[in-house]
file input25.csv (CSV, C-alpha atoms (C1' of nucleotides))
chain,number,residue,atom,x,y,z
A,557,MET,CA,110.7,79.2,85.3
A,558,SER,CA,111.1,75.6,86.3
A,559,GLY,CA,109.3,76.2,89.5
A,560,ASP,CA,106.4,74.1,88.4
A,561,SER,CA,108.6,71.4,87.0
A,562,ASP,CA,110.0,70.9,90.5
A,563,THR,CA,106.8,69.8,92.0
A,564,LEU,CA,105.9,67.8,88.9
A,565,PHE,CA,109.1,65.7,88.9
A,566,ARG,CA,109.0,65.4,92.7
A,567,ILE,CA,105.6,63.9,92.3
A,568,LEU,CA,106.8,61.6,89.5
A,569,ALA,CA,109.8,60.5,91.5
A,570,ASP,CA,107.8,58.1,93.6
A,571,PRO,CA,107.1,54.7,92.0
A,572,THR,CA,103.8,54.3,93.8
A,573,ARG,CA,102.5,57.6,92.4
A,574,ARG,CA,103.6,56.7,88.9
A,575,GLN,CA,101.8,53.4,89.2
A,576,ILE,CA,98.7,55.2,90.3
A,577,LEU,CA,98.9,57.4,87.3
A,578,ASP,CA,99.4,54.3,85.1
A,579,LEU,CA,96.4,52.6,86.6
A,580,LEU,CA,94.2,55.7,86.1
A,581,ALA,CA,95.5,56.0,82.6
A,582,GLU,CA,94.8,52.5,81.5
A,583,ARG,CA,91.7,51.6,83.5
A,584,GLY,CA,89.9,54.9,83.7
A,585,PRO,CA,88.4,56.4,86.9
A,586,LEU,CA,88.9,54.3,90.1
A,587,THR,CA,88.0,54.7,93.7
A,588,VAL,CA,90.5,54.9,96.5
A,589,GLY,CA,89.7,51.3,97.5
A,590,GLN,CA,90.2,50.0,94.0
A,591,LEU,CA,93.5,51.7,93.8
A,592,ALA,CA,94.6,50.6,97.2
A,593,ALA,CA,93.7,47.0,96.2
A,594,GLU,CA,96.6,47.2,93.7
A,595,PHE,CA,99.1,47.8,96.4
A,596,PRO,CA,98.9,44.9,98.9
A,597,ASP,CA,102.0,46.0,100.6
A,598,LEU,CA,100.7,49.5,101.4
A,599,VAL,CA,98.1,50.8,103.8
A,600,THR,CA,95.1,52.6,102.4
A,601,SER,CA,95.8,55.8,104.1
A,602,GLY,CA,99.2,55.8,102.4
A,603,ILE,CA,97.4,55.6,99.0
A,604,SER,CA,95.1,58.4,100.1
A,605,LYS,CA,98.1,60.6,100.9
A,606,HIS,CA,99.6,59.9,97.5
A,607,LEU,CA,96.3,60.8,95.9
A,608,MET,CA,96.2,64.0,97.8
A,609,SER,CA,99.6,64.9,96.5
A,610,LEU,CA,98.6,64.1,93.0
A,611,ARG,CA,95.5,66.1,93.4
A,612,ALA,CA,97.4,69.1,94.8
A,613,ALA,CA,99.7,68.9,91.8
A,614,GLY,CA,96.6,68.9,89.5
A,615,LEU,CA,97.5,65.6,87.9
A,616,VAL,CA,94.3,63.9,89.1
A,617,CYS,CA,90.9,65.1,90.1
A,618,ALA,CA,88.2,63.4,92.2
A,619,THR,CA,84.4,63.4,92.4
A,620,ARG,CA,82.4,62.0,95.3
A,621,ARG,CA,79.9,59.3,94.9
A,622,GLY,CA,78.4,58.6,98.3
A,623,ARG,CA,81.1,57.8,100.7
A,624,GLN,CA,83.7,57.0,98.1
A,625,GLN,CA,85.8,59.2,95.9
A,626,ILE,CA,86.4,58.5,92.3
A,627,TYR,CA,89.7,59.6,91.1
A,628,GLN,CA,90.6,60.1,87.5
A,629,LEU,CA,93.6,61.4,85.5
A,630,GLU,CA,93.6,65.0,84.6
A,631,SER,CA,95.0,64.2,81.2
A,632,ASP,CA,95.1,67.7,80.0
A,633,ALA,CA,97.0,69.1,83.0
A,634,PHE,CA,99.2,66.0,82.9
A,635,VAL,CA,100.2,66.6,79.3
A,636,ALA,CA,100.4,70.4,79.8
A,637,ALA,CA,102.7,70.0,82.7
A,638,LEU,CA,105.2,67.7,81.0
A,639,SER,CA,105.1,69.2,77.5
A,640,PRO,CA,107.3,72.2,78.2
A,641,TRP,CA,110.0,70.1,79.7
A,642,ILE,CA,109.9,67.6,76.9
A,643,ALA,CA,109.9,70.4,74.3
A,644,LYS,CA,113.3,71.5,75.6
A,645,TYR,CA,114.7,68.2,74.2
A,646,GLU,CA,112.7,68.4,71.1
A,647,ARG,CA,115.6,67.9,68.7
A,648,TYR,CA,116.5,64.7,70.5
A,649,TRP,CA,113.0,63.5,70.6
A,650,SER,CA,112.2,64.4,67.0
A,651,THR,CA,114.0,61.4,65.7
A,652,ALA,CA,112.3,59.3,68.2
A,653,LEU,CA,108.8,60.7,67.9
A,654,GLU,CA,107.9,58.5,65.1
A,655,ARG,CA,109.4,55.5,66.9
A,656,LEU,CA,107.1,56.3,69.8
A,657,ARG,CA,104.1,54.9,68.1
A,658,VAL,CA,106.0,51.9,66.9
A,659,LEU,CA,107.3,51.4,70.4
A,660,ALA,CA,103.9,51.6,71.7
A,661,GLU,CA,102.6,49.0,69.4
A,662,GLU,CA,105.3,46.6,70.2
A,663,GLU,CA,105.1,44.8,73.5
A,664,PRO,CA,106.0,47.4,76.1
A,665,THR,CA,106.7,44.7,78.8
A,666,LYS,CA,110.0,43.5,77.6
A,667,ASP,CA,112.8,46.0,78.3
A,668,GLN,CA,115.6,45.0,76.1
A,669,ARG,CA,117.9,47.9,75.4
A,670,LYS,CA,121.1,47.8,73.5
A,671,SER,CA,124.1,49.4,75.0
A,672,ALA,CA,124.6,52.9,73.9
A,673,LYS,CA,127.8,53.1,75.8
A,674,ASP,CA,129.9,52.1,72.8
A,675,VAL,CA,129.4,55.3,71.0
A,676,ARG,CA,132.2,57.2,72.6
A,677,GLN,CA,133.0,60.4,71.0
A,678,ARG,CA,136.6,60.9,70.4
A,679,ARG,CA,138.2,64.3,70.7
A,680,PRO,CA,140.7,65.4,68.0
A,681,LYS,CA,144.1,66.2,69.4
B,1292,MET,CA,108.8,45.9,85.6
B,1293,SER,CA,109.4,49.6,86.1
B,1294,GLY,CA,112.7,48.9,87.9
B,1295,ASP,CA,114.6,51.1,85.5
B,1296,SER,CA,112.1,53.9,85.6
B,1297,ASP,CA,112.7,54.2,89.3
B,1298,THR,CA,116.3,55.3,89.0
B,1299,LEU,CA,115.5,57.5,86.0
B,1300,PHE,CA,112.8,59.4,87.8
B,1301,ARG,CA,114.8,59.5,91.0
B,1302,ILE,CA,117.6,61.2,89.0
B,1303,LEU,CA,115.2,63.6,87.3
B,1304,ALA,CA,113.6,64.5,90.6
B,1305,ASP,CA,116.5,66.8,91.5
B,1306,PRO,CA,116.2,70.3,89.9
B,1307,THR,CA,120.0,70.7,89.8
B,1308,ARG,CA,120.4,67.5,87.8
B,1309,ARG,CA,117.6,68.5,85.4
B,1310,GLN,CA,119.3,71.8,84.9
B,1311,ILE,CA,122.6,70.1,84.2
B,1312,LEU,CA,120.8,68.0,81.6
B,1313,ASP,CA,119.3,71.2,80.2
B,1314,LEU,CA,122.6,72.9,79.9
B,1315,LEU,CA,124.3,69.9,78.2
B,1316,ALA,CA,121.3,69.7,75.8
B,1317,GLU,CA,121.4,73.3,74.7
B,1318,ARG,CA,125.0,74.2,74.9
B,1319,GLY,CA,126.7,70.9,74.0
B,1320,PRO,CA,129.6,69.3,75.9
B,1321,LEU,CA,130.8,71.2,79.0
B,1322,THR,CA,133.4,70.7,81.6
B,1323,VAL,CA,132.7,70.3,85.3
B,1324,GLY,CA,133.9,73.8,85.9
B,1325,GLN,CA,131.8,75.3,83.2
B,1326,LEU,CA,128.8,73.5,84.6
B,1327,ALA,CA,129.6,74.5,88.2
B,1328,ALA,CA,129.8,78.1,87.1
B,1329,GLU,CA,126.1,78.0,86.4
B,1330,PHE,CA,125.3,77.2,90.0
B,1331,PRO,CA,126.8,79.9,92.1
B,1332,ASP,CA,125.0,78.7,95.2
B,1333,LEU,CA,126.5,75.2,95.0
B,1334,VAL,CA,130.0,73.9,95.6
B,1335,THR,CA,131.9,72.3,92.8
B,1336,SER,CA,132.1,68.9,94.5
B,1337,GLY,CA,128.4,68.9,94.7
B,1338,ILE,CA,128.1,69.3,90.9
B,1339,SER,CA,130.7,66.6,90.5
B,1340,LYS,CA,128.5,64.2,92.6
B,1341,HIS,CA,125.5,65.0,90.5
B,1342,LEU,CA,127.5,64.3,87.4
B,1343,MET,CA,128.5,61.0,88.9
B,1344,SER,CA,124.9,60.1,89.5
B,1345,LEU,CA,123.9,61.1,85.9
B,1346,ARG,CA,126.8,59.1,84.6
B,1347,ALA,CA,125.8,56.0,86.6
B,1348,ALA,CA,122.4,56.4,85.2
B,1349,GLY,CA,123.8,56.5,81.7
B,1350,LEU,CA,122.3,59.9,80.9
B,1351,VAL,CA,125.6,61.6,80.4
B,1352,CYS,CA,129.1,60.4,79.5
B,1353,ALA,CA,132.5,62.0,80.0
B,1354,THR,CA,135.8,62.2,78.2
B,1355,ARG,CA,139.0,63.4,79.7
B,1356,ARG,CA,141.0,66.2,78.2
B,1357,GLY,CA,144.0,66.8,80.4
B,1358,ARG,CA,142.9,67.4,83.9
B,1359,GLN,CA,139.4,68.2,83.0
B,1360,GLN,CA,136.4,66.1,82.2
B,1361,ILE,CA,134.1,67.0,79.4
B,1362,TYR,CA,130.6,65.9,80.0
B,1363,GLN,CA,128.0,65.5,77.3
B,1364,LEU,CA,124.4,64.3,77.1
B,1365,GLU,CA,123.9,60.7,76.2
B,1366,SER,CA,121.0,61.6,74.1
B,1367,ASP,CA,120.2,58.2,72.8
B,1368,ALA,CA,120.2,56.6,76.2
B,1369,PHE,CA,118.2,59.6,77.5
B,1370,VAL,CA,115.5,59.2,74.9
B,1371,ALA,CA,115.5,55.5,75.2
B,1372,ALA,CA,115.1,55.6,79.0
B,1373,LEU,CA,112.1,57.9,78.8
B,1374,SER,CA,110.3,56.7,75.8
B,1375,PRO,CA,108.8,53.5,77.3
B,1376,TRP,CA,107.2,55.6,80.0
B,1377,ILE,CA,105.9,58.2,77.7
B,1378,ALA,CA,104.6,55.6,75.4
B,1379,LYS,CA,102.3,54.3,78.1
B,1380,TYR,CA,100.5,57.6,77.8
B,1381,GLU,CA,100.6,57.6,74.1
B,1382,ARG,CA,96.9,58.2,73.6
B,1383,TYR,CA,97.1,61.3,75.7
B,1384,TRP,CA,100.2,62.5,74.0
B,1385,SER,CA,99.0,61.9,70.5
B,1386,THR,CA,96.8,64.9,70.5
B,1387,ALA,CA,99.7,67.0,71.8
B,1388,LEU,CA,102.5,65.5,69.8
B,1389,GLU,CA,101.9,67.8,66.9
B,1390,ARG,CA,101.6,70.7,69.3
B,1391,LEU,CA,105.0,69.8,70.6
B,1392,ARG,CA,106.7,71.0,67.5
B,1393,VAL,CA,104.7,74.2,67.5
B,1394,LEU,CA,105.5,74.7,71.1
B,1395,ALA,CA,109.1,74.1,70.4
B,1396,GLU,CA,109.2,76.5,67.5
B,1397,GLU,CA,107.8,79.3,69.6
B,1398,GLU,CA,110.3,80.9,71.8
B,1399,PRO,CA,110.8,78.6,74.7
B,1400,THR,CA,112.8,81.0,76.7
B,1401,LYS,CA,110.2,83.7,77.2
B,1402,ASP,CA,107.2,82.4,79.1
B,1403,GLN,CA,104.7,85.2,78.5
B,1404,ARG,CA,101.6,83.8,77.2
B,1405,LYS,CA,99.5,86.9,77.1
B,1406,SER,CA,98.1,88.0,73.8
B,1407,ALA,CA,100.3,90.4,72.0
B,1408,LYS,CA,97.4,92.4,70.6
B,1409,ASP,CA,96.7,94.3,73.8
B,1410,VAL,CA,100.2,95.5,74.1
B,1411,ARG,CA,99.8,99.1,73.2
B,1412,GLN,CA,101.3,102.2,74.5
B,1413,ARG,CA,100.9,102.7,78.2
B,1414,ARG,CA,99.4,106.0,79.2
B,1415,PRO,CA,99.9,107.5,82.6
B,1416,LYS,CA,96.8,108.4,84.5
C,211,DG,C1',161.3,69.6,91.4
C,212,DT,C1',157.0,72.6,93.7
C,213,DA,C1',152.7,75.0,93.3
C,214,DA,C1',148.3,75.5,91.4
C,215,DT,C1',144.4,73.7,88.8
C,216,DA,C1',140.6,70.5,88.0
C,217,DT,C1',137.9,66.9,89.4
C,218,DA,C1',136.7,62.9,92.5
C,219,DT,C1',135.9,60.9,97.0
C,220,DT,C1',134.9,60.6,101.7
C,221,DA,C1',132.6,61.7,106.1
C,222,DC,C1',129.3,64.2,108.0
C,223,DT,C1',124.9,66.8,108.8
C,224,DA,C1',120.3,68.4,108.1
C,225,DT,C1',116.2,68.0,105.9
C,226,DA,C1',112.6,65.8,103.2
C,227,DC,C1',109.7,62.2,102.5
C,228,DG,C1',107.4,57.6,102.4
C,229,DG,C1',105.4,54.6,105.4
C,230,DT,C1',102.4,53.2,109.4
C,231,DA,C1',99.1,53.6,113.1
C,232,DA,C1',95.6,56.1,115.2
C,233,DT,C1',91.9,59.1,114.9
C,234,DG,C1',88.2,61.8,112.8
C,235,DC,C1',84.5,62.6,109.6
C,236,DT,C1',80.8,61.3,106.4
C,237,DT,C1',77.9,58.1,104.4
C,238,DT,C1',75.5,53.7,104.0
C,239,DG,C1',73.1,49.7,106.0
C,240,DG,C1',70.4,47.4,109.4
D,1303,DC,C1',70.0,55.3,116.4
D,1304,DC,C1',74.0,52.3,116.0
D,1305,DA,C1',77.6,50.0,113.6
D,1306,DA,C1',80.4,49.6,109.7
D,1307,DA,C1',82.4,51.2,105.4
D,1308,DG,C1',85.2,54.5,102.9
D,1309,DC,C1',88.3,58.0,103.0
D,1310,DA,C1',91.1,61.9,105.0
D,1311,DT,C1',94.1,63.7,108.5
D,1312,DT,C1',97.4,63.8,112.0
D,1313,DA,C1',101.5,62.4,114.5
D,1314,DC,C1',105.3,59.9,114.4
D,1315,DC,C1',109.5,57.2,112.7
D,1316,DG,C1',113.1,55.5,109.7
D,1317,DT,C1',115.7,56.2,105.9
D,1318,DA,C1',117.3,58.3,101.7
D,1319,DT,C1',119.7,62.1,100.0
D,1320,DA,C1',121.3,66.8,98.8
D,1321,DG,C1',124.4,69.7,100.6
D,1322,DT,C1',129.1,71.0,102.7
D,1323,DA,C1',133.9,70.7,104.1
D,1324,DA,C1',138.0,68.2,104.0
D,1325,DT,C1',140.9,65.2,101.7
D,1326,DA,C1',142.7,62.7,97.7
D,1327,DT,C1',144.4,62.2,93.0
D,1328,DA,C1',145.9,63.5,88.7
D,1329,DT,C1',147.5,67.0,85.5
D,1330,DT,C1',149.4,71.4,84.0
D,1331,DA,C1',152.3,75.5,85.0
D,1332,DC,C1',156.4,77.6,86.7
call {"tool": "encode", "arguments": {"input": "input25.csv", "output": "structure tokens"}}
result
Amino acid sequence: MSGDSDTLFRILADPTRRQILDLLAERGPLTVGQLAAEFPDLVTSGISKHLMSLRAAGLVCATRRGRQQIYQLESDAFVAALSPWIAKYERYWSTALERLRVLAEEEPTKDQRKSAKDVRQRRPK
Amino acid sequence: MSGDSDTLFRILADPTRRQILDLLAERGPLTVGQLAAEFPDLVTSGISKHLMSLRAAGLVCATRRGRQQIYQLESDAFVAALSPWIAKYERYWSTALERLRVLAEEEPTKDQRKSAKDVRQRRPK
DNA sequence: GTAATATATTACTATACGGTAATGCTTTGG
DNA sequence: CCAAAGCATTACCGTATAGTAATATATTAC
């Protein structure tokens, strides 16, 4: 059932791992050293451990070149792993699916969100 | 940066919280007791704590009716919180976005993906 | 009024997990 | 061959957190 979602979301829970996925997604295949260079506060072996987790989850794959490993996003598996979960909320997404492209073309750095708290549903007595 | 994604994915990391979101998404507003009834292995106060977390994250909201609280999905905030992250992988999704609807229109409950043409009558040996 | 129901809160425990340091294993370079 | 580079693996530690039990608070029922 959701047995696979468990590992997926456990993997995605860590910000370092998410950032690794981000880097691989936007910059293509990278070695462990190149990835570790993006995390000055972390030790290389820590990055390696994260990469092993991502690899075990099938979200990335690696090919050796000499003494270095080149990691890259397993985009198909990545999408395939998340799609079923997202599909469960399809009716909520559907209105936003078109906005997704718009949102991607606007600057994604700024994070201004309007408060959705004011839409309080009132219950008829 | 990704400061808000951190809390979001930390919330989604727990399978119980994800299931709560699922229930609210597919069955509409529910009370704490109704939700707790879906988790026989857990104590009600545990569910209440999860609901507090979800509430603090803005993913659900609650309205009181007498002595019971009715929780419901904050679908707008939910979509708004996830969209920026999903948008980062937009080019990987784009090929799958159309498949999302197809995937949602197939029965999402059953997870048998074997071809139905081989299902013929079983013959005892 | 009192008792029972429905939820929230607190204190506590156990486990999981991210991080580091140390070590090991290949591969490249001299 | 020897040393260094690049990465993986192990052992260990600190902390975050999911779970429970107990208690608290508010509302309905009697």
call {"tool": "atom_distance", "arguments": {"input": "input25.csv", "atom1": "C1' of DA1328 (chain D)", "atom2": "C1' of DT219 (chain C)"}}
result
13.3 Å
call {"tool": "closest_atom_pairs", "arguments": {"input": "input25.csv", "of": "chain D", "to": "chain B", "cutoff": "8 Å", "atoms": "only C-alpha atoms (C1' of nucleotides)", "output": "CSV"}}
result
residue,atom,partner,partner_atom,distance
D:DG1321,C1',B:Gly1337,CA,7.2
D:DT1322,C1',B:Val1334,CA,7.7
D:DA1328,C1',B:Arg1358,CA,6.9
D:DT1329,C1',B:Arg1358,CA,4.9
D:DT1330,C1',B:Arg1358,CA,7.6
call {"tool": "closest_residue", "arguments": {"input": "input25.csv", "among": "B:Ser1366, B:Ser1344, B:Ser1339, B:Thr1354", "to": "chain C", "atoms": "all atoms listed in the file"}}
result
B:Ser1339
call {"tool": "atom_distance", "arguments": {"input": "input25.csv", "atom1": "CA of Ala1304 (chain B)", "atom2": "CA of Ala1316 (chain B)"}}
result
17.5 Å
call {"tool": "interface_residues", "arguments": {"input": "input25.csv", "of": "chain B", "to": "chain A", "cutoff": "6 Å", "atoms": "all atoms listed in the file", "output": "PyMOL selection string"}}
result
chain B and resi 1300-1301+1304+1378+1395
call {"tool": "atom_distance", "arguments": {"input": "input25.csv", "atom1": "C1' of DA214 (chain C)", "atom2": "CA of Gln1363 (chain B)"}}
result
26.7 Å
call {"tool": "residues_around", "arguments": {"input": "input25.csv", "residues": "DA221 (chain C)", "least_positions_apart": "3", "cutoff": "12 Å", "atoms": "only C-alpha atoms (C1' of nucleotides)", "output": "list in words"}}
result
DT1322, DA1323, DA1324 and DT1325 of chain D
call {"tool": "write_last_selection", "arguments": {"input": "input25.csv", "atoms": "C-alpha atoms (C1' of nucleotides)", "output": "short mmCIF file (atom, residue, chain, number, x, y, z; two decimals), in the frame of the given file"}}
result
data_model
loop_
_atom_site.label_atom_id
_atom_site.label_comp_id
_atom_site.auth_asym_id
_atom_site.auth_seq_id
_atom_site.Cartn_x
_atom_site.Cartn_y
_atom_site.Cartn_z
"C1'" DT D 1322 129.10 71.00 102.70
"C1'" DA D 1323 133.90 70.70 104.10
"C1'" DA D 1324 138.00 68.20 104.00
"C1'" DT D 1325 140.90 65.20 101.70
#
call {"tool": "axis_aligned_box", "arguments": {"input": "input25.csv", "around": "region 229-236 of chain C", "padding_each_side": "5 Å", "output": "AutoDock Vina command-line options"}}
result
--center_x 93.1 --center_y 57.9 --center_z 110.3 --size_x 34.6 --size_y 19.4 --size_z 19.8
call {"tool": "closest_residue", "arguments": {"input": "input25.csv", "among": "C:DG234, C:DG211, C:DG239, C:DG229", "to": "chain A", "atoms": "all atoms listed in the file"}}
result
C:DG229
call {"tool": "decode", "arguments": {"input": "input25.csv", "residues": "chain C", "atoms": "C-alpha atoms (C1' of nucleotides)", "output": "short mmCIF file (atom, residue, chain, number, x, y, z; two decimals), in the first residue's frame"}}
result
data_model
loop_
_atom_site.label_atom_id
_atom_site.label_comp_id
_atom_site.auth_asym_id
_atom_site.auth_seq_id
_atom_site.Cartn_x
_atom_site.Cartn_y
_atom_site.Cartn_z
"C1'" DG C 211 -25.55 19.54 40.71
"C1'" DT C 212 -22.55 14.92 38.98
"C1'" DA C 213 -20.96 11.81 35.54
"C1'" DA C 214 -19.52 10.90 31.08
"C1'" DT C 215 -17.72 12.36 26.61
"C1'" DA C 216 -14.35 14.61 23.53
"C1'" DT C 217 -10.17 16.66 22.94
"C1'" DA C 218 -5.80 18.87 24.53
"C1'" DT C 219 -1.63 18.94 27.22
"C1'" DT C 220 2.10 17.31 29.86
"C1'" DA C 221 5.82 14.25 31.33
"C1'" DC C 222 8.17 10.47 30.19
"C1'" DT C 223 10.48 6.70 27.41
"C1'" DA C 224 12.41 4.35 23.53
"C1'" DT C 225 13.90 4.40 19.14
"C1'" DA C 226 15.49 6.35 14.84
"C1'" DC C 227 18.49 9.11 12.54
"C1'" DG C 228 21.90 12.71 11.17
"C1'" DG C 229 26.32 13.88 12.10
"C1'" DT C 230 31.40 13.04 12.89
"C1'" DA C 231 35.78 10.55 13.19
"C1'" DA C 232 38.33 6.67 12.04
"C1'" DT C 233 39.28 3.07 9.02
"C1'" DG C 234 39.31 0.45 4.72
"C1'" DC C 235 39.36 -0.11 -0.23
"C1'" DT C 236 40.40 1.17 -5.03
"C1'" DT C 237 42.47 3.94 -8.27
"C1'" DT C 238 45.64 7.51 -9.96
"C1'" DG C 239 50.18 9.81 -9.95
"C1'" DG C 240 55.08 10.01 -9.29
#
